[in-house]
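Below: work-v7.csv (CSV, C-alpha atoms and all ligand atoms)
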```
chain,number,residue,atom,x,y,z
A,13,MET,CA,0.0,0.0,0.0
A,14,GLU,CA,2.9,2.3,0.8
A,15,ARG,CA,4.5,1.6,-2.6
A,16,CYS,CA,1.2,2.4,-4.4
A,17,ASP,CA,1.2,5.7,-2.4
A,18,ALA,CA,4.9,6.3,-3.4
A,19,LEU,CA,4.1,5.8,-7.1
A,20,ALA,CA,1.0,8.0,-6.9
A,21,ARG,CA,3.2,11.0,-5.8
A,22,HIS,CA,4.6,11.1,-9.3
A,23,SER,CA,1.9,12.9,-11.2
A,24,GLU,CA,1.6,15.8,-13.6
A,25,LEU,CA,-1.7,16.7,-12.0
A,26,ALA,CA,-1.3,18.6,-8.8
A,27,GLY,CA,-3.5,17.1,-6.1
A,28,GLY,CA,-4.5,14.1,-8.2
A,29,LEU,CA,-2.9,11.4,-10.3
A,30,THR,CA,-2.2,11.6,-14.0
A,31,ARG,CA,0.9,9.8,-15.3
A,32,VAL,CA,1.2,9.2,-19.1
A,33,PHE,CA,3.7,7.2,-21.1
A,34,LEU,CA,7.2,8.6,-21.5
A,35,SER,CA,6.6,11.6,-19.3
A,36,PRO,CA,9.0,12.9,-16.6
A,37,GLU,CA,6.7,11.3,-14.0
A,38,ASN,CA,6.9,8.0,-15.9
A,39,ARG,CA,10.7,8.2,-15.7
A,40,ALA,CA,10.5,8.8,-12.0
A,41,VAL,CA,8.3,5.7,-11.3
A,42,ASN,CA,10.5,3.6,-13.5
A,43,GLU,CA,13.5,4.5,-11.3
A,44,LEU,CA,11.5,3.6,-8.2
A,45,VAL,CA,10.3,0.3,-9.6
A,46,LEU,CA,13.7,-0.7,-11.0
A,47,GLY,CA,15.1,-0.1,-7.5
A,48,TRP,CA,12.4,-2.3,-5.8
A,49,MET,CA,13.0,-5.1,-8.4
A,50,ARG,CA,16.7,-5.1,-7.6
A,51,GLU,CA,16.1,-5.2,-3.9
A,52,ALA,CA,13.8,-8.2,-4.5
A,53,GLY,CA,16.7,-10.1,-6.2
A,54,MET,CA,15.9,-9.4,-9.8
A,55,ALA,CA,18.0,-8.2,-12.7
A,56,ALA,CA,16.1,-5.2,-13.8
A,57,ARG,CA,16.2,-2.9,-16.8
A,58,LEU,CA,14.2,-0.7,-19.0
A,59,ASP,CA,13.3,-2.5,-22.3
A,60,PRO,CA,13.3,-0.8,-25.7
A,61,ILE,CA,9.7,0.3,-25.5
A,62,GLY,CA,10.1,1.7,-22.0
A,63,ASN,CA,8.7,-1.1,-19.9
A,64,VAL,CA,10.3,-1.9,-16.6
A,65,ALA,CA,11.4,-5.5,-16.8
A,66,GLY,CA,12.8,-7.6,-13.9
A,67,ARG,CA,13.9,-11.2,-14.0
A,68,TYR,CA,14.4,-13.6,-11.1
A,69,GLU,CA,16.3,-16.7,-12.4
A,70,GLY,CA,15.1,-20.2,-11.7
A,71,GLU,CA,17.1,-23.3,-10.6
A,72,ARG,CA,19.3,-22.7,-13.6
A,73,PRO,CA,19.9,-19.4,-15.5
A,74,GLY,CA,18.1,-18.9,-18.8
A,75,LEU,CA,15.0,-21.0,-18.1
A,76,PRO,CA,11.7,-19.9,-19.7
A,77,CYS,CA,9.6,-17.7,-17.4
A,78,LEU,CA,6.3,-17.3,-15.7
A,79,MET,CA,5.5,-13.7,-16.6
A,80,LEU,CA,3.8,-11.4,-14.1
A,81,GLY,CA,3.0,-7.7,-14.2
A,82,SER,CA,0.6,-4.9,-15.0
A,83,HIS,CA,0.9,-1.3,-16.1
A,84,LEU,CA,2.5,1.9,-14.6
A,85,ASP,CA,0.6,4.5,-16.6
A,86,THR,CA,-2.7,6.0,-15.6
A,87,VAL,CA,-5.8,7.6,-17.1
A,88,ARG,CA,-6.3,11.3,-16.3
A,89,ASN,CA,-7.2,12.0,-12.7
A,90,ALA,CA,-6.8,8.3,-11.9
A,91,GLY,CA,-6.8,6.1,-8.8
A,92,LYS,CA,-3.5,4.7,-7.5
A,93,TYR,CA,-4.2,1.0,-7.7
A,94,ASP,CA,-5.3,0.4,-11.3
A,95,GLY,CA,-2.2,-1.2,-12.8
A,96,MET,CA,0.3,-0.3,-10.1
A,97,LEU,CA,-1.1,-2.9,-7.5
A,98,GLY,CA,-0.3,-5.7,-10.0
A,99,VAL,CA,3.3,-4.5,-10.4
A,100,VAL,CA,4.0,-3.9,-6.8
A,101,THR,CA,2.4,-7.2,-5.7
A,102,ALA,CA,4.4,-9.2,-8.2
A,103,ILE,CA,7.6,-7.6,-6.9
A,104,GLU,CA,6.5,-8.5,-3.4
A,105,CYS,CA,6.0,-12.1,-4.4
A,106,VAL,CA,9.5,-12.3,-5.9
A,107,ASP,CA,10.9,-10.6,-2.8
A,108,ALA,CA,9.4,-13.4,-0.7
A,109,LEU,CA,11.0,-16.1,-2.9
A,110,HIS,CA,14.3,-14.2,-2.8
A,111,LYS,CA,14.2,-13.8,1.0
A,112,GLY,CA,13.4,-17.5,1.4
A,113,LYS,CA,16.3,-18.3,-1.0
A,114,LYS,CA,13.7,-20.2,-3.1
A,115,LYS,CA,14.5,-21.1,-6.7
A,116,LEU,CA,11.8,-22.5,-9.0
A,117,PRO,CA,12.0,-24.8,-12.1
A,118,PHE,CA,11.3,-21.7,-14.1
A,119,ALA,CA,12.3,-18.0,-14.1
A,120,VAL,CA,9.9,-15.3,-12.9
A,121,GLU,CA,9.7,-12.1,-14.9
A,122,VAL,CA,7.9,-9.0,-13.7
A,123,PHE,CA,6.8,-6.3,-16.1
A,124,GLY,CA,5.7,-2.8,-15.3
A,125,PHE,CA,4.2,-1.9,-18.7
A,126,GLY,CA,4.8,1.7,-19.8
A,127,ASP,CA,1.6,2.2,-21.7
A,128,GLU,CA,-1.7,0.3,-21.2
A,129,GLU,CA,-4.3,3.0,-21.0
A,130,GLY,CA,-3.2,4.8,-24.3
A,131,VAL,CA,-3.9,8.2,-22.8
A,132,ARG,CA,-1.1,10.1,-24.5
A,133,PHE,CA,-1.0,8.7,-28.0
A,134,GLY,CA,-4.5,7.3,-28.3
A,135,THR,CA,-3.4,3.8,-28.8
A,136,THR,CA,-3.5,1.3,-26.0
A,137,LEU,CA,-1.3,-1.6,-24.9
A,138,LEU,CA,1.9,-0.2,-26.5
A,139,GLY,CA,4.1,-1.8,-23.8
A,140,SER,CA,2.6,-5.3,-23.8
A,141,ARG,CA,2.2,-5.3,-27.6
A,142,ALA,CA,6.0,-4.8,-28.0
A,143,VAL,CA,6.7,-7.6,-25.6
A,144,SER,CA,4.3,-9.8,-27.5
A,145,ASN,CA,5.8,-9.0,-30.8
A,146,ARG,CA,2.6,-7.3,-31.9
A,147,PHE,CA,3.9,-3.7,-32.0
A,148,ASP,CA,2.5,-1.9,-35.0
A,149,PHE,CA,5.3,0.4,-36.2
A,150,GLU,CA,2.7,2.7,-37.8
A,151,THR,CA,1.8,3.9,-34.3
A,152,LEU,CA,5.3,5.5,-34.1
A,153,LYS,CA,3.7,8.3,-36.1
A,154,ALA,CA,0.8,8.8,-33.6
A,155,LYS,CA,1.0,12.2,-32.0
A,156,ASP,CA,0.1,13.5,-28.6
A,157,ALA,CA,-1.9,16.7,-27.9
A,158,LYS,CA,1.2,18.8,-28.2
A,159,GLY,CA,2.1,17.3,-31.7
A,160,ILE,CA,4.9,15.2,-30.4
A,161,SER,CA,5.1,11.8,-32.1
A,162,LEU,CA,5.6,8.5,-30.3
A,163,GLU,CA,8.8,8.2,-32.2
A,164,GLU,CA,10.1,11.6,-31.0
A,165,ALA,CA,8.9,10.9,-27.4
A,166,LEU,CA,10.8,7.6,-27.3
A,167,LEU,CA,14.0,9.3,-28.6
A,168,ASP,CA,13.6,12.1,-26.0
A,169,PHE,CA,13.2,9.5,-23.3
A,170,GLY,CA,16.5,7.9,-24.4
A,171,LEU,CA,15.0,4.9,-26.2
A,172,ASP,CA,15.7,3.8,-29.7
A,173,PRO,CA,12.5,2.9,-31.7
A,174,LYS,CA,14.6,0.8,-34.0
A,175,LEU,CA,15.3,-1.6,-31.1
A,176,ILE,CA,11.6,-2.2,-30.3
A,177,PRO,CA,11.7,-5.6,-31.9
A,178,GLN,CA,14.2,-6.7,-29.3
A,179,ALA,CA,11.6,-6.2,-26.6
A,180,ALA,CA,9.7,-9.1,-28.1
A,181,LYS,CA,9.7,-12.5,-26.4
A,182,LYS,CA,10.4,-15.5,-28.5
A,183,ASN,CA,8.2,-18.6,-28.8
A,184,GLY,CA,8.9,-20.8,-25.7
A,185,ASP,CA,10.3,-17.9,-23.6
A,186,VAL,CA,7.1,-17.6,-21.6
A,187,PHE,CA,5.2,-20.4,-20.0
A,188,ALA,CA,2.3,-18.2,-19.0
A,189,TYR,CA,1.3,-14.7,-18.0
A,190,ALA,CA,-0.5,-13.9,-14.7
A,191,GLU,CA,-1.8,-10.4,-13.7
A,192,LEU,CA,-3.3,-9.3,-10.5
A,193,HIS,CA,-5.5,-6.2,-10.9
A,194,ILE,CA,-8.3,-4.5,-9.0
A,195,GLU,CA,-11.7,-5.6,-10.2
A,196,GLN,CA,-12.9,-2.2,-11.4
A,197,GLY,CA,-16.4,-3.4,-10.9
A,198,PRO,CA,-18.8,-4.2,-8.0
A,199,VAL,CA,-19.3,-8.0,-8.2
A,200,LEU,CA,-16.8,-9.2,-5.6
A,201,GLU,CA,-17.8,-6.5,-3.1
A,202,ALA,CA,-21.5,-7.4,-3.5
A,203,GLU,CA,-20.7,-11.1,-2.8
A,204,GLY,CA,-18.4,-10.3,0.2
A,205,LEU,CA,-15.3,-11.7,-1.5
A,206,ALA,CA,-11.8,-10.3,-1.6
A,207,LEU,CA,-10.6,-12.2,-4.6
A,208,GLY,CA,-11.9,-13.4,-8.0
A,209,VAL,CA,-10.5,-15.5,-10.8
A,210,VAL,CA,-11.0,-14.0,-14.2
A,211,THR,CA,-12.5,-16.2,-17.0
A,212,ALA,CA,-12.0,-13.8,-19.9
A,213,ILE,CA,-11.3,-10.2,-20.8
A,214,ASN,CA,-14.4,-9.1,-22.6
A,215,GLY,CA,-14.1,-8.2,-26.3
A,216,PHE,CA,-15.3,-4.8,-27.4
A,217,SER,CA,-16.6,-3.0,-30.4
A,218,ARG,CA,-16.5,0.8,-30.8
A,219,LEU,CA,-18.7,2.7,-33.2
A,220,SER,CA,-19.1,6.2,-34.3
A,221,VAL,CA,-22.5,7.4,-35.5
A,222,ALA,CA,-23.4,10.5,-37.5
A,223,LEU,CA,-27.0,11.6,-37.9
A,224,GLY,CA,-27.9,14.2,-40.5
A,225,GLY,CA,-31.1,16.1,-40.2
A,226,PHE,CA,-31.9,19.7,-41.0
A,227,ALA,CA,-31.1,22.7,-38.8
A,228,GLY,CA,-33.8,25.3,-38.5
A,229,HIS,CA,-35.3,28.1,-36.4
A,230,ALA,CA,-36.6,26.7,-33.1
A,231,GLY,CA,-39.5,29.2,-33.2
A,232,THR,CA,-40.7,29.0,-36.8
A,233,VAL,CA,-40.5,25.4,-37.9
A,234,PRO,CA,-43.6,23.4,-36.8
A,235,MET,CA,-43.0,20.1,-35.0
A,236,ASN,CA,-44.3,18.0,-37.8
A,237,LEU,CA,-42.0,19.5,-40.4
A,238,ARG,CA,-38.8,19.1,-38.5
A,239,ARG,CA,-35.9,16.7,-39.1
A,240,ASP,CA,-34.3,17.0,-35.7
A,241,ALA,CA,-31.1,15.0,-35.5
A,242,LEU,CA,-30.9,15.1,-31.7
A,243,THR,CA,-34.4,13.7,-31.0
A,244,ALA,CA,-33.4,10.9,-33.5
A,245,ALA,CA,-30.2,10.4,-31.5
A,246,ALA,CA,-32.2,10.2,-28.3
A,247,GLU,CA,-34.2,7.3,-29.8
A,248,CYS,CA,-30.9,5.7,-30.9
A,249,VAL,CA,-29.4,6.0,-27.4
A,250,LEU,CA,-32.4,4.3,-25.8
A,251,ALA,CA,-32.2,1.6,-28.4
A,252,VAL,CA,-28.5,1.0,-27.5
A,253,GLU,CA,-29.5,0.8,-23.8
A,254,ARG,CA,-32.3,-1.6,-24.6
A,255,ILE,CA,-30.1,-3.9,-26.6
A,256,GLY,CA,-27.4,-3.8,-23.9
A,257,ARG,CA,-29.9,-4.9,-21.3
A,258,GLY,CA,-31.1,-7.8,-23.5
A,259,GLN,CA,-28.4,-10.1,-22.2
A,260,PRO,CA,-27.0,-10.2,-18.7
A,261,GLU,CA,-23.4,-10.4,-19.9
A,262,LEU,CA,-23.7,-7.7,-22.5
A,263,VAL,CA,-23.0,-4.0,-21.9
A,264,ALA,CA,-23.5,-1.1,-24.3
A,265,THR,CA,-22.8,2.6,-23.7
A,266,VAL,CA,-23.2,5.9,-25.5
A,267,GLY,CA,-20.4,7.8,-23.8
A,268,LYS,CA,-20.0,10.9,-26.0
A,269,ILE,CA,-22.5,13.0,-28.0
A,270,GLU,CA,-22.4,16.3,-29.8
A,271,ALA,CA,-25.2,18.2,-31.3
A,272,LEU,CA,-24.6,20.9,-33.9
A,273,PRO,CA,-24.9,23.8,-34.5
A,274,GLY,CA,-25.5,23.7,-30.7
A,275,ALA,CA,-27.6,26.8,-29.9
A,276,ILE,CA,-30.6,27.2,-27.7
A,277,ASN,CA,-32.8,28.5,-30.5
A,278,VAL,CA,-31.7,26.2,-33.4
A,279,ILE,CA,-33.1,22.7,-34.2
A,280,PRO,CA,-30.0,20.4,-34.2
A,281,GLY,CA,-29.1,19.5,-37.7
A,282,ASN,CA,-26.2,17.2,-37.1
A,283,VAL,CA,-25.4,14.8,-34.2
A,284,THR,CA,-22.5,12.5,-33.7
A,285,PHE,CA,-22.2,10.0,-30.9
A,286,THR,CA,-20.1,7.0,-29.9
A,287,ILE,CA,-21.1,3.5,-28.9
A,288,ASP,CA,-19.0,1.0,-26.9
A,289,VAL,CA,-20.3,-2.6,-26.8
A,290,ARG,CA,-18.6,-5.3,-24.7
A,291,ALA,CA,-19.3,-9.0,-24.0
A,292,PRO,CA,-17.4,-12.1,-22.8
A,293,ARG,CA,-18.5,-13.9,-26.0
A,294,ASP,CA,-17.7,-12.6,-29.5
A,295,ASP,CA,-20.9,-14.0,-31.1
A,296,LEU,CA,-23.0,-12.2,-28.5
A,297,ARG,CA,-21.2,-8.9,-29.1
A,298,GLU,CA,-21.3,-9.2,-32.9
A,299,LYS,CA,-25.1,-9.9,-32.8
A,300,ALA,CA,-25.6,-6.9,-30.5
A,301,VAL,CA,-23.6,-4.6,-32.8
A,302,ALA,CA,-25.6,-5.8,-35.8
A,303,SER,CA,-29.0,-5.1,-34.1
A,304,ILE,CA,-27.8,-1.7,-32.9
A,305,VAL,CA,-26.8,-0.8,-36.5
A,306,SER,CA,-30.1,-2.0,-37.9
A,307,GLU,CA,-32.1,-0.1,-35.2
A,308,ILE,CA,-30.2,3.1,-35.9
A,309,GLU,CA,-30.9,2.7,-39.7
A,310,GLY,CA,-34.6,2.1,-38.9
A,311,ILE,CA,-34.9,5.1,-36.7
A,312,GLY,CA,-33.2,7.2,-39.4
A,313,LYS,CA,-35.6,6.0,-42.1
A,314,LYS,CA,-38.7,6.6,-39.9
A,315,ARG,CA,-37.5,10.2,-39.2
A,316,THR,CA,-36.0,11.0,-42.6
A,317,ILE,CA,-32.6,11.4,-40.9
A,318,GLY,CA,-29.4,10.4,-42.7
A,319,THR,CA,-27.4,7.8,-40.7
A,320,LYS,CA,-23.8,6.9,-41.0
A,321,VAL,CA,-22.4,4.2,-38.7
A,322,GLU,CA,-18.6,3.7,-38.7
A,323,LYS,CA,-16.9,0.8,-37.0
A,324,LEU,CA,-13.9,2.3,-35.2
A,325,GLN,CA,-12.2,-0.5,-33.4
A,326,SER,CA,-13.0,-4.0,-32.2
A,327,GLN,CA,-11.2,-6.7,-30.2
A,328,GLY,CA,-12.2,-10.3,-29.7
A,329,VAL,CA,-12.5,-11.9,-26.3
A,330,ALA,CA,-9.2,-12.8,-24.6
A,331,ALA,CA,-10.1,-16.0,-22.8
A,332,CYS,CA,-8.0,-17.0,-19.7
A,333,ALA,CA,-6.6,-20.5,-20.0
A,334,GLY,CA,-8.5,-23.3,-18.2
A,335,TRP,CA,-5.4,-24.8,-16.8
A,336,LEU,CA,-4.3,-21.5,-15.3
A,337,MET,CA,-7.7,-20.7,-14.0
A,338,ASN,CA,-7.7,-24.1,-12.1
A,339,GLN,CA,-4.3,-23.2,-10.5
A,340,MET,CA,-5.6,-19.7,-9.7
A,341,ASP,CA,-8.7,-21.3,-8.1
A,342,ARG,CA,-6.5,-23.4,-5.8
A,343,ALA,CA,-4.4,-20.3,-4.9
A,344,VAL,CA,-7.6,-18.5,-3.9
A,345,ALA,CA,-9.0,-21.5,-2.0
A,346,ALA,CA,-5.8,-21.7,-0.1
A,347,GLN,CA,-6.5,-18.3,1.4
A,348,GLY,CA,-9.7,-19.7,2.8
A,349,GLN,CA,-11.8,-17.9,0.2
A,350,ARG,CA,-14.7,-19.2,-1.8
A,351,VAL,CA,-13.7,-19.4,-5.5
A,352,ARG,CA,-15.6,-17.0,-7.7
A,353,ARG,CA,-14.9,-16.8,-11.4
A,354,LEU,CA,-15.9,-13.7,-13.3
A,355,PRO,CA,-15.2,-12.0,-16.6
A,356,SER,CA,-13.4,-8.7,-16.9
A,357,GLY,CA,-15.3,-5.9,-18.4
A,358,ALA,CA,-12.2,-3.7,-18.7
A,359,GLY,CA,-9.3,-4.3,-21.1
A,360,HIS,CA,-5.9,-5.4,-19.8
A,361,ASP,CA,-2.4,-6.2,-21.0
A,362,GLY,CA,-3.3,-9.9,-21.2
A,363,MET,CA,-5.2,-9.0,-24.4
A,364,ALA,CA,-1.8,-8.4,-26.0
A,365,VAL,CA,0.3,-11.0,-24.1
A,366,ARG,CA,-2.0,-13.9,-25.1
A,367,ALA,CA,-0.4,-13.7,-28.5
A,368,ILE,CA,2.7,-15.4,-27.0
A,369,ALA,CA,1.4,-17.2,-23.9
A,370,ASP,CA,-1.7,-18.4,-22.1
A,371,ILE,CA,-3.0,-15.8,-19.6
A,372,ALA,CA,-4.6,-15.7,-16.2
A,373,MET,CA,-5.9,-12.9,-14.0
A,374,LEU,CA,-6.6,-12.5,-10.3
A,375,PHE,CA,-9.0,-9.7,-9.3
A,376,VAL,CA,-8.9,-7.9,-6.0
A,377,ARG,CA,-12.1,-6.3,-4.6
A,378,CYS,CA,-12.2,-2.5,-4.8
A,379,LYS,CA,-14.5,-0.2,-2.9
A,380,ASP,CA,-17.9,0.4,-4.6
A,381,GLY,CA,-16.4,-1.0,-7.9
A,382,ILE,CA,-14.9,2.5,-8.6
A,383,SER,CA,-11.8,2.9,-10.8
A,384,HIS,CA,-10.5,5.5,-13.2
A,385,ASN,CA,-11.3,7.9,-10.5
A,386,PRO,CA,-9.4,9.4,-7.5
A,387,ALA,CA,-12.0,7.7,-5.2
A,388,GLU,CA,-10.5,4.3,-6.2
A,389,SER,CA,-9.8,2.5,-3.0
A,390,ILE,CA,-8.9,-1.0,-1.7
A,391,ALA,CA,-8.5,-2.6,1.7
A,392,ALA,CA,-5.0,-3.5,2.8
A,393,GLU,CA,-6.3,-6.9,3.9
A,394,ASP,CA,-7.5,-7.5,0.4
A,395,ALA,CA,-4.2,-6.5,-1.2
A,396,ASP,CA,-2.5,-8.9,1.3
A,397,ALA,CA,-4.9,-11.7,0.4
A,398,GLY,CA,-4.2,-11.0,-3.3
A,399,ALA,CA,-0.4,-11.1,-2.8
A,400,LYS,CA,-0.6,-14.3,-0.8
A,401,ALA,CA,-2.8,-16.0,-3.5
A,402,LEU,CA,-0.4,-14.8,-6.2
A,403,LEU,CA,2.6,-16.2,-4.3
A,404,HIS,CA,0.7,-19.5,-3.8
A,405,PHE,CA,0.0,-19.5,-7.6
A,406,ILE,CA,3.7,-18.9,-8.4
A,407,GLU,CA,5.1,-21.4,-5.9
A,408,ASN,CA,2.8,-24.1,-7.1
A,409,PHE,CA,2.8,-23.2,-10.8
A,410,ALA,CA,2.8,-26.4,-12.9
A,411,ILE,CA,3.2,-26.0,-16.6
A,412,GLY,CA,0.2,-27.1,-18.6
A,413,LYS,CA,-1.5,-28.8,-15.7
B,501,ZN,ZN,-5.5,-1.3,-15.5
```
Exercise: express the given structure as structure tokens:
Amino acid sequence: MERCDALARHSELAGGLTRVFLSPENRAVNELVLGWMREAGMAARLDPIGNVAGRYEGERPGLPCLMLGSHLDTVRNAGKYDGMLGVVTAIECVDALHKGKKKLPFAVEVFGFGDEEGVRFGTTLLGSRAVSNRFDFETLKAKDAKGISLEEALLDFGLDPKLIPQAAKKNGDVFAYAELHIEQGPVLEAEGLALGVVTAINGFSRLSVALGGFAGHAGTVPMNLRRDALTAAAECVLAVERIGRGQPELVATVGKIEALPGAINVIPGNVTFTIDVRAPRDDLREKAVASIVSEIEGIGKKRTIGTKVEKLQSQGVAACAGWLMNQMDRAVAAQGQRVRRLPSGAGHDGMAVRAIADIAMLFVRCKDGISHNPAESIAAEDADAGAKALLHFIENFAIGK
């Protein structure tokens, strides 16, 4: 808990926490984490994309590893546990092995990924994608709000973008990836449980919708002659909600909406809004997206409003491996806790890492399910239970069983 506090002190936002990729605050926490890793008996370095990477050798040097970790970047005005708790806990576990002079039949590597949230350059998972050999070199051209490209930012940070391929693990280097993370939802708290075993990281689809009506005078155009893009959007938003409610595992959100020209006395002629759909099953999500699109088109037709739906981004479900879930179940049960499995509604680094290894996740209860918010809070006992379960998982890790 103290280490999470120490990391949270490095923020560009006074009185809050904002720490983006390749910022001076990022550099400061990298130094802290590198120091903690070395104290815990790891060889630690910054890799070519700017991840903090620590390695604790197994019974023999050079063995494939069990990879642990999470991310060190934050959203704007963030909480101090999302990401950081997973890094700090993994280091704590290695420290316990080191203090007990315990060597395992595999190495343990801990990653503090430099960019998961994608706040600065608008692309997520830059750190874990590089490690998983899935780095898209086109993203080097992505610019931050000040016009600085990712490539320039890496160079300014003292990193060489040409070396990014060297951050990638090779086939057979990694036996599995396990990440401890706060739940970011209310399920564990509602059931009185400190820990949960993740079944899958939900897939998502993101859409952008543009509605075209006709702007006009709010006083002179009679109601029956209007083509109001905002009232059409209102119907669309409710349709998205209704479809999202249609299945218990599905969620659908309109998070951003803009009406133009945007004046008190003008009928809105153009509206754009976003849709975010998530589900633990790809077929469920794809069906929901199809019905949302057809609903929007139907509403447009009925109201003589032009509709343009653009699919921005989508990502399939990242399922956790059954054999790892079983071992994680046993690690949770060993803490005297009832085993609860649940999907993750939020995205995580495992989505990238699964390209090179099977993945597992352990959730720690957070207060009121709040995250991405300064009110994010966890109990020290829960963090402790999480660390003990993760250590149990590491010490009893059996490949493929
Ligand atoms: Zn996170």
Checklist entry - Thr243 in chain A: which residues within 10 Å, counting all atoms listed in the file, same-chain residues fewer than 2 positions away excluded, as a PyMOL selection string? => result chain A and resi 239-241+245-249+279-280+283+315
Closest atom pairs, residues of chain A within 7 Å of ligand ZN 501 (chain B), all atoms listed in the file, as JSON lines:
```
{"residue": "A:His83", "atom": "CA", "partner": "B:ZN501", "partner_atom": "ZN", "distance": 6.4}
{"residue": "A:Asp94", "atom": "CA", "partner": "B:ZN501", "partner_atom": "ZN", "distance": 4.5}
{"residue": "A:Gly95", "atom": "CA", "partner": "B:ZN501", "partner_atom": "ZN", "distance": 4.3}
{"residue": "A:His193", "atom": "CA", "partner": "B:ZN501", "partner_atom": "ZN", "distance": 6.7}
{"residue": "A:His360", "atom": "CA", "partner": "B:ZN501", "partner_atom": "ZN", "distance": 6.0}
```
So that each row is one residue of range 250-283 of chain A with an atom at most 10 Å from range 208-219 of chain A, can you give its shortest atom pair and the distance in Å to one decimal, using all atoms listed in the file, rows by chain and rising number, as a Markdown table?
```
| residue | atom | partner | partner_atom | distance |
| --- | --- | --- | --- | --- |
| A:Glu261 | CA | A:Asn214 | CA | 9.5 |
| A:Leu262 | CA | A:Asn214 | CA | 9.4 |
| A:Val263 | CA | A:Phe216 | CA | 9.5 |
| A:Ala264 | CA | A:Ser217 | CA | 9.4 |
| A:Thr265 | CA | A:Arg218 | CA | 9.7 |
| A:Val266 | CA | A:Leu219 | CA | 9.5 |
```
Item to check | From A:Val252, A:Ala291, A:Leu84, A:Leu223, residue lying nearest Ile317 in chain A [all atoms listed in the file] | outcome: A:Leu223
Item to check | Who sits within 7 Å of Lys153 in chain A, only C-alpha atoms, same chain under 3 positions skipped, as a list in words | outcome: Glu150, Ser161, Leu162 and Glu163 of chain A
Item to check | Distance query Glu298 in chain A at most 10 Å, only C-alpha atoms, self and fewer than 2 positions along chain excluded, as number ranges by chain | outcome: A: 215-217, 289-291, 293-296, 300-304, 326, 328
Checklist entry - Which residues, protein or nucleic acid, reach to within 12 Å of (13.9, -1.8, -16.2) in the file's coordinates when using all atoms listed in the file, and can you give that as a PyMOL selection string? => result chain A and resi 39-50+54-67+121-126+179
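Using only C-alpha atoms for every distance, the candidate list A:Glu128, A:Glu307, A:Glu51, A:Glu164 yields A:Glu51 as the residue closest to Glu104 in chain A.
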Counting all atoms listed in the file, find residues at most 12 Å from (4.3, 5.5, -33.5) (file frame) and give them as a compact mmCIF listing (two decimals) with C-alpha atoms, keeping the file's coordinate frame.
```
# COMPACT_ATOMS: atom_id res chain seq x y z
CA ILE A 61 9.70 0.30 -25.50
CA GLY A 130 -3.20 4.80 -24.30
CA ARG A 132 -1.10 10.10 -24.50
CA PHE A 133 -1.00 8.70 -28.00
CA GLY A 134 -4.50 7.30 -28.30
CA THR A 135 -3.40 3.80 -28.80
CA THR A 136 -3.50 1.30 -26.00
CA LEU A 138 1.90 -0.20 -26.50
CA ALA A 142 6.00 -4.80 -28.00
CA PHE A 147 3.90 -3.70 -32.00
CA ASP A 148 2.50 -1.90 -35.00
CA PHE A 149 5.30 0.40 -36.20
CA GLU A 150 2.70 2.70 -37.80
CA THR A 151 1.80 3.90 -34.30
CA LEU A 152 5.30 5.50 -34.10
CA LYS A 153 3.70 8.30 -36.10
CA ALA A 154 0.80 8.80 -33.60
CA LYS A 155 1.00 12.20 -32.00
CA ASP A 156 0.10 13.50 -28.60
CA ILE A 160 4.90 15.20 -30.40
CA SER A 161 5.10 11.80 -32.10
CA LEU A 162 5.60 8.50 -30.30
CA GLU A 163 8.80 8.20 -32.20
CA GLU A 164 10.10 11.60 -31.00
CA ALA A 165 8.90 10.90 -27.40
CA LEU A 166 10.80 7.60 -27.30
CA LEU A 167 14.00 9.30 -28.60
CA PRO A 173 12.50 2.90 -31.70
CA LYS A 174 14.60 0.80 -34.00
CA ILE A 176 11.60 -2.20 -30.30
```
Checklist entry - CA of Gln347 in chain A and CA of Ala372 in chain A, how far apart in Å? => result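 If I compute the distance from CA of Ala372 in chain A to CA of Gln347 in chain A, I get 17.9 Å.
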Using all atoms listed in the file, tabulate the residues of range 18-127 of chain A lying at most 10 Å from any atom of range 384-394 of chain A, each with its closest atom pair and that distance in Å to one decimal, by chain and increasing residue number, as a tab-separated table.
```
residue	atom	partner	partner_atom	distance
A:Gly27	CA	A:Pro386	CA	9.8
A:Gly28	CA	A:Pro386	CA	6.8
A:Leu29	CA	A:Pro386	CA	7.4
A:Thr30	CA	A:Pro386	CA	9.9
A:Thr86	CA	A:His384	CA	8.2
A:Val87	CA	A:His384	CA	6.5
A:Arg88	CA	A:His384	CA	7.8
A:Asn89	CA	A:Asn385	CA	6.2
A:Ala90	CA	A:Asn385	CA	4.7
A:Gly91	CA	A:Pro386	CA	4.4
A:Lys92	CA	A:Glu388	CA	7.1
A:Tyr93	CA	A:Glu388	CA	7.3
A:Asp94	CA	A:His384	CA	7.5
A:Leu97	CA	A:Ile390	CA	9.9
```
Checklist entry - CA of Gly362 in chain A to CA of Asn338 in chain A: how many Å, to one decimal? => result 17.4 Å
Next on the checklist: As an exercise, work out the distance from CA of Ala369 in chain A to CA of Leu403 in chain A in Å and give it to one decimal place.
Outcome noted: 19.7 Å
Item to check | Minimum-distance residue to Gly258 in chain A, chosen among A:Asp127, A:Gly197, A:Lys299, A:Arg238 (using all atoms listed in the file) | outcome: A:Lys299
Next on the checklist: I'd like to know which of A:Ile269, A:Val120, A:Ala102, A:Val305 is closest to Tyr68 in chain A, using only C-alpha atoms.
Outcome noted: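 Checking each candidate against Tyr68 in chain A, we get A:Val120 as the closest.
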Item to check | Selection: 9 Å around Glu407 in chain A, only C-alpha atoms, excl. self and same-chain fewer than 5 positions, as a VMD selection string | outcome: chain A and resid 109 116 402
Prev. selection, C-alpha atoms, output as a PDB file, keeping the file's coordinate frame:
```pdb
ATOM      1  CA  LEU A 109      11.000 -16.100  -2.900  1.00  0.00           C
ATOM      2  CA  LEU A 116      11.800 -22.500  -9.000  1.00  0.00           C
ATOM      3  CA  LEU A 402      -0.400 -14.800  -6.200  1.00  0.00           C
TER       4      LEU A 402
END
```
